Amino acid sequence: MNPPIRVALVVTTIGRPESIDRLLRSVLEQSLPVTEMIVVDQSGATGTAEVVERWRERLPVRRVTTPRGLSAGRNAGVAALGEYDVVGFPDDDTWYAPDTLAQVCGAIGEYGVVSGMLLDAVGRRAQLAFGAEPAVLDSTTVWSQAIEATCFYTAAFMSAVGDFDEGLGAGSTTPWQSGEGTDLLLRGLRSGWSIAYDPRITVYEDNPSAPATGTRESRIRARHVARGTGRVYRRHYGWRGRLRTLARPLGGVLLSVARVRWAEASWHLQRLVGRLEGITGILLPVRRHVYSNA
């Protein structure tokens with residue numbers, strides 16, 4: 001018999017002890033037990049520490065602290081792990097179905113990474129165009145069927161491809177506040193690794209603090225996320241790919257204007273400008289009216 005696959009988890013969090021508690025409960029309920037779990041606490045408060053302490057008798061979980069930065073936190077968490085075969089990086093607002101880790105071990109096979117489906121709190125597909133059938137991902141489909149919280153990486157992949165780029169992602173010291181997970185996958189593809197998608201692997205997400213569509217906050221977030229996307233396109237794609245990623249939000253702007261949907265047009269415009277900033281490396285001035293409450 002083959003030895004069981006050792007699955008480790010690393011979650012980086014800033015001040016969401018209730019969500020961490022929910023995630024840890026879902027880990028305890030897994031049909032395949034987790035080998036080790038690191039909670040990287042960047043909150044500077046005590047709430048997360050208290051939650052982790054309550055779970056330590058039931059789960060192999062430890063807490064470490066780092067300065068802020070999502071990529072830096074994940075890298076520090078991996079460095080704190082013992083030996084593992086597969087590692088996942090749930091967000092602090094996600095949790096797992098009872099068979100999620102078992103499904104990961106059944107699907108990963110010879111792949112370097114396997115991604116699952118992200119669902120909202122009531123079980124609907126969330127955020128991205130996750131497919132209904134298993135697939136092998138390429139440099140196009142990694143954008144739509146793989147995000148950090150749904151991906152599980154082999155130790156061999158992590159050792160060969162390297163860490164998350166700490167110059168990308170939320171909380172980094174650069175303007176490029178997203179894209180670190182896709183950058184890692186694209187580096188893996190370039191190095192010859194295969195990446196799979198399997199919808200039987202399910203991860204749930206509920207983020208009540210996410211800005212509502214049409215608000216000033218949603219436009220700010222769109223700009224910040226788009227900058228990271230543009231930066232990844234600058235790194236991994238030629239001019240044809242870069243123009244294609246600019247064409248999508250430009251089309252959204254034009255369609256929204258034609259429908260007289262001004263708030264929607266402004267949101268697409270922020271995505272367009274943010275991607276252009278990431279591709280060129282030039283940050284454009286933000287006019288006050290762009291982020292108005294209109």
# chains A, B, ... in the order shown; residues from 1 in each chain; ligands from 1

$ residues_around --residues "A:Thr173" --least-positions-apart "5" --cutoff "10 Å" --atoms "only C-alpha atoms" --output "PyMOL selection string"
chain A and resi 68-69+166-168

$ residues_around --residues "A:Ala72" --least-positions-apart "4" --cutoff "12 Å" --atoms "only C-alpha atoms" --output "VMD selection string"
chain A and resid 10 to 13 40 to 42 65 to 68 76 to 79 163 to 173 180

$ write_last_selection --atoms "N, CA, C and O atoms" --output "CSV table (one decimal), in the first residue's frame"
chain,number,residue,atom,x,y,z
A,10,VAL,N,-1.8,26.4,5.0
A,10,VAL,CA,-1.3,27.7,5.4
A,10,VAL,C,-2.3,28.7,5.2
A,10,VAL,O,-2.7,28.9,4.0
A,11,VAL,N,-2.8,29.4,6.2
A,11,VAL,CA,-3.7,30.5,6.0
A,11,VAL,C,-3.2,31.8,6.7
A,11,VAL,O,-2.7,31.8,7.8
A,12,THR,N,-3.2,32.9,5.9
A,12,THR,CA,-2.8,34.2,6.4
A,12,THR,C,-4.0,35.0,6.7
A,12,THR,O,-4.9,35.0,5.9
A,13,THR,N,-4.0,35.7,7.8
A,13,THR,CA,-5.2,36.4,8.3
A,13,THR,C,-4.8,37.7,9.0
A,13,THR,O,-3.8,37.8,9.5
A,40,VAL,N,-0.9,32.1,9.9
A,40,VAL,CA,0.0,33.3,9.9
A,40,VAL,C,-0.8,34.5,10.3
A,40,VAL,O,-1.7,35.0,9.5
A,41,ASP,N,-0.6,35.0,11.5
A,41,ASP,CA,-1.4,36.1,12.0
A,41,ASP,C,-0.7,37.4,11.8
A,41,ASP,O,0.4,37.6,12.4
A,42,GLN,N,-1.3,38.3,11.0
A,42,GLN,CA,-0.8,39.6,10.7
A,42,GLN,C,-1.6,40.7,11.4
A,42,GLN,O,-1.5,41.8,11.0
A,65,THR,N,3.5,34.7,13.5
A,65,THR,CA,3.2,36.1,13.2
A,65,THR,C,4.3,36.7,12.3
A,65,THR,O,5.4,36.3,12.3
A,66,THR,N,3.8,37.5,11.4
A,66,THR,CA,4.7,38.2,10.4
A,66,THR,C,4.1,39.6,10.2
A,66,THR,O,2.9,39.9,10.5
A,67,PRO,N,4.9,40.5,9.6
A,67,PRO,CA,4.4,41.8,9.1
A,67,PRO,C,3.4,41.5,8.0
A,67,PRO,O,3.3,40.4,7.5
A,68,ARG,N,2.6,42.5,7.6
A,68,ARG,CA,1.6,42.4,6.7
A,68,ARG,C,2.1,42.1,5.3
A,68,ARG,O,3.2,42.5,4.9
A,76,ALA,N,6.2,32.6,4.6
A,76,ALA,CA,6.6,32.3,6.0
A,76,ALA,C,5.9,31.1,6.5
A,76,ALA,O,6.5,30.3,7.3
A,77,GLY,N,4.7,30.9,6.2
A,77,GLY,CA,3.9,29.7,6.6
A,77,GLY,C,4.5,28.4,6.1
A,77,GLY,O,4.7,27.4,6.8
A,78,VAL,N,4.9,28.4,4.8
A,78,VAL,CA,5.5,27.2,4.2
A,78,VAL,C,6.9,27.0,4.8
A,78,VAL,O,7.2,25.8,5.1
A,79,ALA,N,7.6,28.0,5.1
A,79,ALA,CA,8.9,27.8,5.8
A,79,ALA,C,8.8,27.2,7.2
A,79,ALA,O,9.7,26.6,7.6
A,163,ASP,N,8.8,30.4,-4.3
A,163,ASP,CA,7.8,31.0,-3.4
A,163,ASP,C,6.9,31.9,-4.2
A,163,ASP,O,7.1,32.2,-5.4
A,164,PHE,N,5.9,32.4,-3.5
A,164,PHE,CA,5.1,33.5,-4.0
A,164,PHE,C,5.9,34.7,-4.1
A,164,PHE,O,6.7,35.0,-3.2
A,165,ASP,N,5.7,35.5,-5.2
A,165,ASP,CA,6.5,36.8,-5.4
A,165,ASP,C,5.9,37.8,-4.4
A,165,ASP,O,4.8,38.2,-4.5
A,166,GLU,N,6.8,38.2,-3.4
A,166,GLU,CA,6.3,39.1,-2.4
A,166,GLU,C,6.1,40.6,-2.9
A,166,GLU,O,5.7,41.4,-2.2
A,167,GLY,N,6.4,40.8,-4.2
A,167,GLY,CA,6.2,42.1,-4.8
A,167,GLY,C,4.8,42.1,-5.5
A,167,GLY,O,4.4,43.1,-6.1
A,168,LEU,N,4.0,41.0,-5.3
A,168,LEU,CA,2.7,40.9,-5.8
A,168,LEU,C,1.7,40.5,-4.7
A,168,LEU,O,2.1,39.8,-3.8
A,169,GLY,N,0.5,41.0,-4.8
A,169,GLY,CA,-0.5,40.5,-3.8
A,169,GLY,C,-0.9,41.5,-2.8
A,169,GLY,O,-0.2,42.5,-2.6
A,170,ALA,N,-2.1,41.3,-2.2
A,170,ALA,CA,-2.6,42.2,-1.2
A,170,ALA,C,-1.6,42.4,-0.1
A,170,ALA,O,-1.0,41.5,0.4
A,171,GLY,N,-1.5,43.7,0.3
A,171,GLY,CA,-0.6,44.0,1.4
A,171,GLY,C,0.9,44.1,1.1
A,171,GLY,O,1.7,44.4,1.9
A,172,SER,N,1.2,43.9,-0.2
A,172,SER,CA,2.6,44.1,-0.6
A,172,SER,C,3.0,45.5,-0.6
A,172,SER,O,2.1,46.4,-0.5
A,173,THR,N,4.3,45.8,-0.6
A,173,THR,CA,4.7,47.2,-0.6
A,173,THR,C,4.7,47.9,-2.0
A,173,THR,O,5.2,49.0,-2.1
A,180,GLU,N,-0.4,37.2,-7.5
A,180,GLU,CA,0.7,36.4,-7.0
A,180,GLU,C,0.5,34.9,-7.3
A,180,GLU,O,1.4,34.1,-7.6

$ closest_residue --among "A:Tyr204, A:Trp262, A:Phe152, A:Trp267" --to "A:Val104" --atoms "only C-alpha atoms"
A:Phe152

$ select_by_dssp --residues "stretch 16-117 of chain A" --states "strand (DSSP E or B)" --output "MDAnalysis selection string"
chainID A and resid 36:41 61:65 86:88 94:96 113:117

$ write_last_selection --atoms "N, CA and C atoms" --output "short mmCIF file (atom, residue, chain, number, x, y, z; two decimals), in the first residue's frame"
data_model
loop_
_atom_site.label_atom_id
_atom_site.label_comp_id
_atom_site.auth_asym_id
_atom_site.auth_seq_id
_atom_site.Cartn_x
_atom_site.Cartn_y
_atom_site.Cartn_z
N GLU A 36 -0.67 19.06 9.11
CA GLU A 36 -0.19 20.24 9.83
C GLU A 36 -0.87 21.47 9.26
N MET A 37 -1.10 22.46 10.11
CA MET A 37 -1.72 23.70 9.66
C MET A 37 -1.03 24.87 10.35
N ILE A 38 -0.68 25.87 9.55
CA ILE A 38 -0.05 27.08 10.07
C ILE A 38 -1.01 28.25 9.86
N VAL A 39 -1.31 28.97 10.92
CA VAL A 39 -2.08 30.20 10.83
C VAL A 39 -1.10 31.36 10.96
N VAL A 40 -0.95 32.12 9.89
CA VAL A 40 -0.04 33.26 9.88
C VAL A 40 -0.85 34.49 10.27
N ASP A 41 -0.62 34.98 11.46
CA ASP A 41 -1.41 36.06 12.04
C ASP A 41 -0.70 37.39 11.82
N VAL A 61 -2.38 22.44 14.70
CA VAL A 61 -2.34 23.81 14.20
C VAL A 61 -1.40 24.63 15.06
N ARG A 62 -0.63 25.50 14.39
CA ARG A 62 0.26 26.42 15.06
C ARG A 62 0.07 27.82 14.49
N ARG A 63 0.38 28.81 15.29
CA ARG A 63 0.27 30.21 14.88
C ARG A 63 1.66 30.82 14.81
N VAL A 64 1.92 31.54 13.72
CA VAL A 64 3.13 32.35 13.62
C VAL A 64 2.71 33.77 13.27
N THR A 65 3.55 34.72 13.55
CA THR A 65 3.24 36.12 13.25
C THR A 65 4.26 36.68 12.27
N VAL A 86 1.56 17.78 0.01
CA VAL A 86 0.68 18.73 -0.67
C VAL A 86 0.37 19.86 0.31
N VAL A 87 0.34 21.09 -0.20
CA VAL A 87 -0.02 22.23 0.65
C VAL A 87 -1.09 23.06 -0.03
N GLY A 88 -2.06 23.51 0.77
CA GLY A 88 -3.10 24.41 0.30
C GLY A 88 -3.05 25.72 1.05
N THR A 94 -12.66 31.51 3.83
CA THR A 94 -13.07 30.29 3.13
C THR A 94 -13.17 29.13 4.11
N TRP A 95 -13.80 28.04 3.66
CA TRP A 95 -13.84 26.80 4.41
C TRP A 95 -14.08 25.66 3.43
N TYR A 96 -13.94 24.41 3.93
CA TYR A 96 -13.94 23.25 3.06
C TYR A 96 -15.18 22.39 3.28
N VAL A 113 0.02 20.78 -9.50
CA VAL A 113 -1.00 21.56 -8.79
C VAL A 113 -2.36 21.05 -9.23
N VAL A 114 -3.32 21.02 -8.31
CA VAL A 114 -4.69 20.76 -8.68
C VAL A 114 -5.56 21.86 -8.07
N SER A 115 -6.50 22.37 -8.87
CA SER A 115 -7.41 23.42 -8.42
C SER A 115 -8.82 22.86 -8.36
N GLY A 116 -9.60 23.39 -7.43
CA GLY A 116 -11.00 23.01 -7.31
C GLY A 116 -11.92 24.16 -7.63
N MET A 117 -13.20 23.98 -7.29
CA MET A 117 -14.22 24.97 -7.59
C MET A 117 -14.51 25.82 -6.35
#

$ residues_around --residues "A:Arg54" --least-positions-apart "4" --cutoff "12 Å" --atoms "only C-alpha atoms" --output "ChimeraX atom specification"
/A:17,20-21,24-25,47-50,58-63

$ write_last_selection --atoms "all heavy atoms" --output "tab-separated table (two decimals), in the first residue's frame"
chain	number	residue	atom	x	y	z
A	17	PRO	N	-11.05	36.51	13.49
A	17	PRO	CA	-11.05	35.29	14.32
A	17	PRO	C	-12.28	34.41	14.12
A	17	PRO	O	-12.18	33.18	14.17
A	17	PRO	CB	-10.99	35.84	15.76
A	17	PRO	CG	-11.40	37.27	15.66
A	17	PRO	CD	-10.98	37.73	14.31
A	20	ILE	N	-11.67	32.42	10.95
A	20	ILE	CA	-10.65	31.40	11.20
A	20	ILE	C	-11.25	30.24	11.98
A	20	ILE	O	-10.96	29.06	11.71
A	20	ILE	CB	-9.45	32.01	11.95
A	20	ILE	CG1	-8.66	32.92	11.01
A	20	ILE	CG2	-8.54	30.94	12.53
A	20	ILE	CD1	-7.96	32.20	9.88
A	21	ASP	N	-12.10	30.54	12.93
A	21	ASP	CA	-12.76	29.48	13.70
A	21	ASP	C	-13.59	28.59	12.78
A	21	ASP	O	-13.56	27.36	12.90
A	21	ASP	CB	-13.65	30.10	14.78
A	21	ASP	CG	-14.23	29.07	15.72
A	21	ASP	OD1	-13.49	28.54	16.56
A	21	ASP	OD2	-15.45	28.79	15.60
A	24	LEU	N	-11.20	26.36	10.71
A	24	LEU	CA	-10.63	25.29	11.51
A	24	LEU	C	-11.66	24.20	11.80
A	24	LEU	O	-11.33	23.01	11.81
A	24	LEU	CB	-10.07	25.87	12.81
A	24	LEU	CG	-8.83	26.75	12.66
A	24	LEU	CD1	-8.48	27.41	13.99
A	24	LEU	CD2	-7.65	25.97	12.13
A	25	ARG	N	-12.88	24.59	12.00
A	25	ARG	CA	-13.92	23.58	12.21
A	25	ARG	C	-14.08	22.69	10.97
A	25	ARG	O	-14.22	21.47	11.07
A	25	ARG	CB	-15.25	24.25	12.55
A	25	ARG	CG	-16.37	23.26	12.90
A	25	ARG	CD	-17.61	23.99	13.39
A	25	ARG	NE	-17.32	24.79	14.58
A	25	ARG	CZ	-17.25	24.29	15.80
A	25	ARG	NH1	-17.44	23.00	16.01
A	25	ARG	NH2	-16.99	25.08	16.82
A	47	GLY	N	-7.25	38.20	19.11
A	47	GLY	CA	-8.40	37.34	18.79
A	47	GLY	C	-8.02	36.06	18.08
A	47	GLY	O	-8.48	34.97	18.45
A	48	THR	N	-7.18	36.14	17.06
A	48	THR	CA	-6.78	34.94	16.31
A	48	THR	C	-5.98	34.00	17.19
A	48	THR	O	-6.14	32.77	17.12
A	48	THR	CB	-5.98	35.34	15.07
A	48	THR	OG1	-6.79	36.15	14.21
A	48	THR	CG2	-5.51	34.12	14.31
A	49	ALA	N	-5.09	34.54	18.01
A	49	ALA	CA	-4.30	33.70	18.91
A	49	ALA	C	-5.21	32.89	19.84
A	49	ALA	O	-4.95	31.71	20.10
A	49	ALA	CB	-3.35	34.56	19.73
A	50	GLU	N	-6.27	33.50	20.34
A	50	GLU	CA	-7.19	32.81	21.23
A	50	GLU	C	-7.92	31.69	20.50
A	50	GLU	O	-8.12	30.59	21.06
A	50	GLU	CB	-8.17	33.80	21.82
A	50	GLU	CG	-7.51	34.81	22.77
A	50	GLU	CD	-8.41	35.97	23.12
A	50	GLU	OE1	-9.55	36.03	22.57
A	50	GLU	OE2	-8.00	36.83	23.93
A	58	ARG	N	-7.29	19.71	19.32
A	58	ARG	CA	-8.04	18.91	18.36
A	58	ARG	C	-7.41	18.89	16.97
A	58	ARG	O	-7.73	18.01	16.16
A	58	ARG	CB	-9.48	19.45	18.26
A	58	ARG	CG	-10.31	19.21	19.51
A	58	ARG	CD	-11.66	19.89	19.43
A	58	ARG	NE	-11.53	21.33	19.63
A	58	ARG	CZ	-12.54	22.20	19.54
A	58	ARG	NH1	-13.75	21.75	19.22
A	58	ARG	NH2	-12.36	23.49	19.76
A	59	LEU	N	-6.55	19.83	16.67
A	59	LEU	CA	-5.93	19.92	15.35
A	59	LEU	C	-4.43	20.18	15.50
A	59	LEU	O	-4.01	20.87	16.45
A	59	LEU	CB	-6.54	21.07	14.54
A	59	LEU	CG	-7.92	20.86	13.92
A	59	LEU	CD1	-8.43	22.18	13.35
A	59	LEU	CD2	-7.88	19.80	12.84
A	60	PRO	N	-3.62	19.70	14.55
A	60	PRO	CA	-2.18	20.01	14.55
A	60	PRO	C	-1.94	21.40	13.97
A	60	PRO	O	-1.39	21.57	12.88
A	60	PRO	CB	-1.59	18.91	13.67
A	60	PRO	CG	-2.69	18.58	12.70
A	60	PRO	CD	-3.97	18.75	13.46
A	61	VAL	N	-2.38	22.44	14.70
A	61	VAL	CA	-2.34	23.81	14.20
A	61	VAL	C	-1.40	24.63	15.06
A	61	VAL	O	-1.34	24.49	16.27
A	61	VAL	CB	-3.77	24.43	14.18
A	61	VAL	CG1	-4.40	24.42	15.57
A	61	VAL	CG2	-3.76	25.83	13.59
A	62	ARG	N	-0.63	25.50	14.39
A	62	ARG	CA	0.26	26.42	15.06
A	62	ARG	C	0.07	27.82	14.49
A	62	ARG	O	-0.35	27.99	13.34
A	62	ARG	CB	1.73	26.02	14.87
A	62	ARG	CG	2.12	24.76	15.59
A	62	ARG	CD	3.63	24.53	15.50
A	62	ARG	NE	4.06	24.18	14.15
A	62	ARG	CZ	4.96	24.86	13.45
A	62	ARG	NH1	5.50	25.97	13.95
A	62	ARG	NH2	5.33	24.45	12.25
A	63	ARG	N	0.38	28.81	15.29
A	63	ARG	CA	0.27	30.21	14.88
A	63	ARG	C	1.66	30.82	14.81
A	63	ARG	O	2.48	30.63	15.71
A	63	ARG	CB	-0.60	30.98	15.89
A	63	ARG	CG	-0.61	32.49	15.72
A	63	ARG	CD	-1.52	33.13	16.77
A	63	ARG	NE	-1.33	34.56	16.85
A	63	ARG	CZ	-0.49	35.17	17.67
A	63	ARG	NH1	0.28	34.43	18.50
A	63	ARG	NH2	-0.37	36.48	17.68

$ select_by_dssp --residues "stretch 186-224 of chain A" --states "alpha helix (DSSP H)" --output "ChimeraX atom specification"
/A:186-190,216-224

$ residues_around --residues "A:Ser144" --least-positions-apart "6" --cutoff "12 Å" --atoms "only C-alpha atoms" --output "short mmCIF file (atom, residue, chain, number, x, y, z; two decimals) with N, CA, C and O atoms, in the first residue's frame"
data_model
loop_
_atom_site.label_atom_id
_atom_site.label_comp_id
_atom_site.auth_asym_id
_atom_site.auth_seq_id
_atom_site.Cartn_x
_atom_site.Cartn_y
_atom_site.Cartn_z
N SER A 115 -6.50 22.37 -8.87
CA SER A 115 -7.41 23.42 -8.42
C SER A 115 -8.82 22.86 -8.36
O SER A 115 -9.20 21.97 -9.13
N GLY A 116 -9.60 23.39 -7.43
CA GLY A 116 -11.00 23.01 -7.31
C GLY A 116 -11.92 24.16 -7.63
O GLY A 116 -11.50 25.20 -8.16
N MET A 117 -13.20 23.98 -7.29
CA MET A 117 -14.22 24.97 -7.59
C MET A 117 -14.51 25.82 -6.35
O MET A 117 -14.66 25.31 -5.25
N LEU A 118 -14.62 27.13 -6.55
CA LEU A 118 -14.98 28.05 -5.48
C LEU A 118 -16.48 28.28 -5.51
O LEU A 118 -17.06 28.61 -6.56
N ARG A 125 -21.58 28.74 -7.80
CA ARG A 125 -20.24 29.06 -8.28
C ARG A 125 -19.95 30.54 -8.04
O ARG A 125 -20.76 31.40 -8.32
N ALA A 126 -18.78 30.81 -7.52
CA ALA A 126 -18.43 32.17 -7.12
C ALA A 126 -17.28 32.72 -7.94
O ALA A 126 -16.34 32.01 -8.29
N GLN A 127 -17.35 33.98 -8.25
CA GLN A 127 -16.26 34.79 -8.81
C GLN A 127 -15.84 34.44 -10.22
O GLN A 127 -15.90 35.26 -11.11
N LEU A 128 -15.42 33.22 -10.45
CA LEU A 128 -14.81 32.89 -11.72
C LEU A 128 -15.63 31.87 -12.49
O LEU A 128 -16.53 31.24 -11.95
N ALA A 129 -15.30 31.70 -13.75
CA ALA A 129 -16.04 30.78 -14.62
C ALA A 129 -15.51 29.36 -14.45
O ALA A 129 -14.93 28.78 -15.36
N PHE A 130 -15.72 28.80 -13.26
CA PHE A 130 -15.27 27.44 -13.02
C PHE A 130 -16.10 26.46 -13.85
O PHE A 130 -17.32 26.53 -13.87
N GLY A 131 -15.42 25.53 -14.50
CA GLY A 131 -16.11 24.60 -15.38
C GLY A 131 -16.74 23.45 -14.63
O GLY A 131 -16.46 23.19 -13.46
N ALA A 135 -10.32 19.32 -16.12
CA ALA A 135 -9.55 19.84 -17.25
C ALA A 135 -8.09 19.99 -16.85
O ALA A 135 -7.75 20.06 -15.67
N LEU A 137 -5.16 22.66 -17.20
CA LEU A 137 -5.15 24.10 -17.42
C LEU A 137 -3.93 24.54 -18.21
O LEU A 137 -2.89 23.89 -18.20
N ASP A 138 -4.10 25.67 -18.90
CA ASP A 138 -3.01 26.27 -19.64
C ASP A 138 -2.89 27.73 -19.26
O ASP A 138 -3.53 28.20 -18.31
N THR A 150 -8.32 27.83 -3.96
CA THR A 150 -8.79 26.55 -4.50
C THR A 150 -7.65 25.67 -4.99
O THR A 150 -7.90 24.56 -5.48
N THR A 182 -1.54 33.48 -9.69
CA THR A 182 -1.46 33.20 -11.12
C THR A 182 -0.02 33.27 -11.60
O THR A 182 0.41 32.47 -12.44
N TYR A 197 -7.56 20.92 -13.07
CA TYR A 197 -8.75 21.46 -12.42
C TYR A 197 -9.73 20.32 -12.24
O TYR A 197 -9.97 19.53 -13.17
#

$ atom_distance --atom1 "atom CA of A:Val34" --atom2 "atom CA of A:Pro90"
13.0 Å

$ residues_around --residues "stretch 219-225 of chain A" --least-positions-apart "4" --cutoff "8 Å" --atoms "only C-alpha atoms" --output "PyMOL selection string"
chain A and resi 175-179+214-215+229+266-267+270-271+273-275+291

$ write_last_selection --atoms "all heavy atoms" --output "CSV table (one decimal), in the first residue's frame"
chain,number,residue,atom,x,y,z
A,175,PRO,N,2.5,48.7,-5.8
A,175,PRO,CA,1.1,48.9,-6.3
A,175,PRO,C,0.4,47.7,-6.8
A,175,PRO,O,-0.8,47.7,-7.1
A,175,PRO,CB,1.3,50.0,-7.4
A,175,PRO,CG,2.7,50.5,-7.3
A,175,PRO,CD,3.5,49.4,-6.7
A,176,TRP,N,1.1,46.6,-7.0
A,176,TRP,CA,0.6,45.4,-7.7
A,176,TRP,C,-0.1,44.5,-6.6
A,176,TRP,O,0.5,43.5,-6.1
A,176,TRP,CB,1.7,44.7,-8.4
A,176,TRP,CG,2.8,45.6,-9.0
A,176,TRP,CD1,4.1,45.6,-8.7
A,176,TRP,CD2,2.5,46.8,-9.9
A,176,TRP,NE1,4.7,46.7,-9.4
A,176,TRP,CE2,3.8,47.4,-10.1
A,176,TRP,CE3,1.4,47.3,-10.5
A,176,TRP,CZ2,3.9,48.5,-10.9
A,176,TRP,CZ3,1.6,48.4,-11.3
A,176,TRP,CH2,2.8,49.0,-11.5
A,177,GLN,N,-1.3,44.8,-6.3
A,177,GLN,CA,-2.0,44.2,-5.2
A,177,GLN,C,-2.8,42.9,-5.5
A,177,GLN,O,-3.8,42.6,-4.8
A,177,GLN,CB,-2.9,45.2,-4.5
A,177,GLN,CG,-2.2,46.4,-4.0
A,177,GLN,CD,-1.4,46.1,-2.7
A,177,GLN,OE1,-2.0,45.7,-1.7
A,177,GLN,NE2,-0.1,46.3,-2.7
A,178,SER,N,-2.4,42.2,-6.5
A,178,SER,CA,-3.0,40.9,-6.9
A,178,SER,C,-2.1,40.2,-7.8
A,178,SER,O,-1.0,40.7,-8.2
A,178,SER,CB,-4.4,41.1,-7.6
A,178,SER,OG,-4.2,41.6,-8.9
A,179,GLY,N,-2.5,38.9,-8.2
A,179,GLY,CA,-1.7,38.2,-9.2
A,179,GLY,C,-0.7,37.3,-8.8
A,179,GLY,O,-0.1,36.6,-9.6
A,214,GLY,N,-20.9,48.9,-7.7
A,214,GLY,CA,-21.4,50.2,-8.0
A,214,GLY,C,-20.9,51.3,-7.0
A,214,GLY,O,-21.1,52.5,-7.2
A,215,THR,N,-20.2,50.8,-5.9
A,215,THR,CA,-19.8,51.8,-4.9
A,215,THR,C,-18.4,52.3,-5.2
A,215,THR,O,-17.6,51.7,-6.0
A,215,THR,CB,-19.8,51.1,-3.5
A,215,THR,OG1,-18.8,50.0,-3.5
A,215,THR,CG2,-21.2,50.6,-3.2
A,229,THR,N,-3.0,42.3,-12.1
A,229,THR,CA,-3.2,41.6,-13.4
A,229,THR,C,-2.3,42.1,-14.5
A,229,THR,O,-1.7,41.3,-15.2
A,229,THR,CB,-4.7,41.7,-13.8
A,229,THR,OG1,-5.5,41.1,-12.7
A,229,THR,CG2,-5.0,40.9,-15.1
A,266,SER,N,-17.8,53.1,-15.2
A,266,SER,CA,-16.7,53.5,-14.3
A,266,SER,C,-15.9,52.4,-13.8
A,266,SER,O,-14.7,52.4,-13.7
A,266,SER,CB,-17.2,54.4,-13.2
A,266,SER,OG,-16.2,54.9,-12.4
A,267,TRP,N,-16.6,51.3,-13.3
A,267,TRP,CA,-15.9,50.1,-12.8
A,267,TRP,C,-15.0,49.5,-13.9
A,267,TRP,O,-13.9,49.2,-13.6
A,267,TRP,CB,-17.0,49.2,-12.3
A,267,TRP,CG,-16.4,47.9,-11.7
A,267,TRP,CD1,-15.9,47.8,-10.4
A,267,TRP,CD2,-16.3,46.6,-12.3
A,267,TRP,NE1,-15.5,46.5,-10.2
A,267,TRP,CE2,-15.7,45.8,-11.3
A,267,TRP,CE3,-16.6,46.1,-13.5
A,267,TRP,CZ2,-15.4,44.4,-11.6
A,267,TRP,CZ3,-16.3,44.8,-13.8
A,267,TRP,CH2,-15.7,44.0,-12.8
A,270,GLN,N,-11.9,51.6,-14.5
A,270,GLN,CA,-10.9,51.4,-13.5
A,270,GLN,C,-10.1,50.1,-13.8
A,270,GLN,O,-8.9,50.0,-13.6
A,270,GLN,CB,-11.5,51.4,-12.1
A,270,GLN,CG,-12.1,52.7,-11.7
A,270,GLN,CD,-11.1,53.8,-12.0
A,270,GLN,OE1,-10.0,53.9,-11.5
A,270,GLN,NE2,-11.6,54.8,-12.8
A,271,ARG,N,-10.8,49.0,-14.2
A,271,ARG,CA,-10.1,47.8,-14.6
A,271,ARG,C,-9.2,48.1,-15.8
A,271,ARG,O,-8.0,47.6,-15.8
A,271,ARG,CB,-11.1,46.7,-14.9
A,271,ARG,CG,-11.9,46.2,-13.7
A,271,ARG,CD,-12.9,45.2,-14.1
A,271,ARG,NE,-12.4,44.0,-14.6
A,271,ARG,CZ,-12.7,43.4,-15.7
A,271,ARG,NH1,-13.6,43.9,-16.6
A,271,ARG,NH2,-12.1,42.2,-16.1
A,273,VAL,N,-7.8,51.0,-16.8
A,273,VAL,CA,-6.7,51.8,-16.4
A,273,VAL,C,-5.7,51.1,-15.5
A,273,VAL,O,-4.4,51.2,-15.7
A,273,VAL,CB,-7.2,53.1,-15.7
A,273,VAL,CG1,-6.0,53.9,-15.2
A,273,VAL,CG2,-8.0,53.9,-16.7
A,274,GLY,N,-6.2,50.3,-14.6
A,274,GLY,CA,-5.3,49.5,-13.7
A,274,GLY,C,-4.5,48.5,-14.4
A,274,GLY,O,-3.3,48.4,-14.2
A,275,ARG,N,-5.1,47.8,-15.4
A,275,ARG,CA,-4.3,46.9,-16.2
A,275,ARG,C,-3.2,47.6,-17.0
A,275,ARG,O,-2.1,47.1,-17.1
A,275,ARG,CB,-5.2,46.0,-17.1
A,275,ARG,CG,-6.1,45.1,-16.3
A,275,ARG,CD,-6.9,44.2,-17.2
A,275,ARG,NE,-7.8,43.3,-16.4
A,275,ARG,CZ,-8.5,42.3,-16.9
A,275,ARG,NH1,-8.4,42.0,-18.2
A,275,ARG,NH2,-9.3,41.6,-16.1
A,291,TYR,N,-13.5,58.3,-8.3
A,291,TYR,CA,-13.9,57.5,-7.2
A,291,TYR,C,-15.0,58.2,-6.4
A,291,TYR,O,-15.2,58.0,-5.2
A,291,TYR,CB,-12.7,57.4,-6.2
A,291,TYR,CG,-11.7,56.4,-6.7
A,291,TYR,CD1,-10.4,56.4,-6.2
A,291,TYR,CD2,-12.0,55.5,-7.7
A,291,TYR,CE1,-9.4,55.5,-6.7
A,291,TYR,CE2,-11.0,54.6,-8.2
A,291,TYR,CZ,-9.7,54.6,-7.7
A,291,TYR,OH,-8.8,53.7,-8.1

$ closest_residue --among "A:Val122, A:Leu70, A:Ala149, A:Ala196" --to "A:Gly109" --atoms "only C-alpha atoms"
A:Ala196

$ residues_around --residues "A:Glu205" --least-positions-apart "6" --cutoff "6 Å" --atoms "only C-alpha atoms" --output "PyMOL selection string"
chain A and resi 93-94+120-121
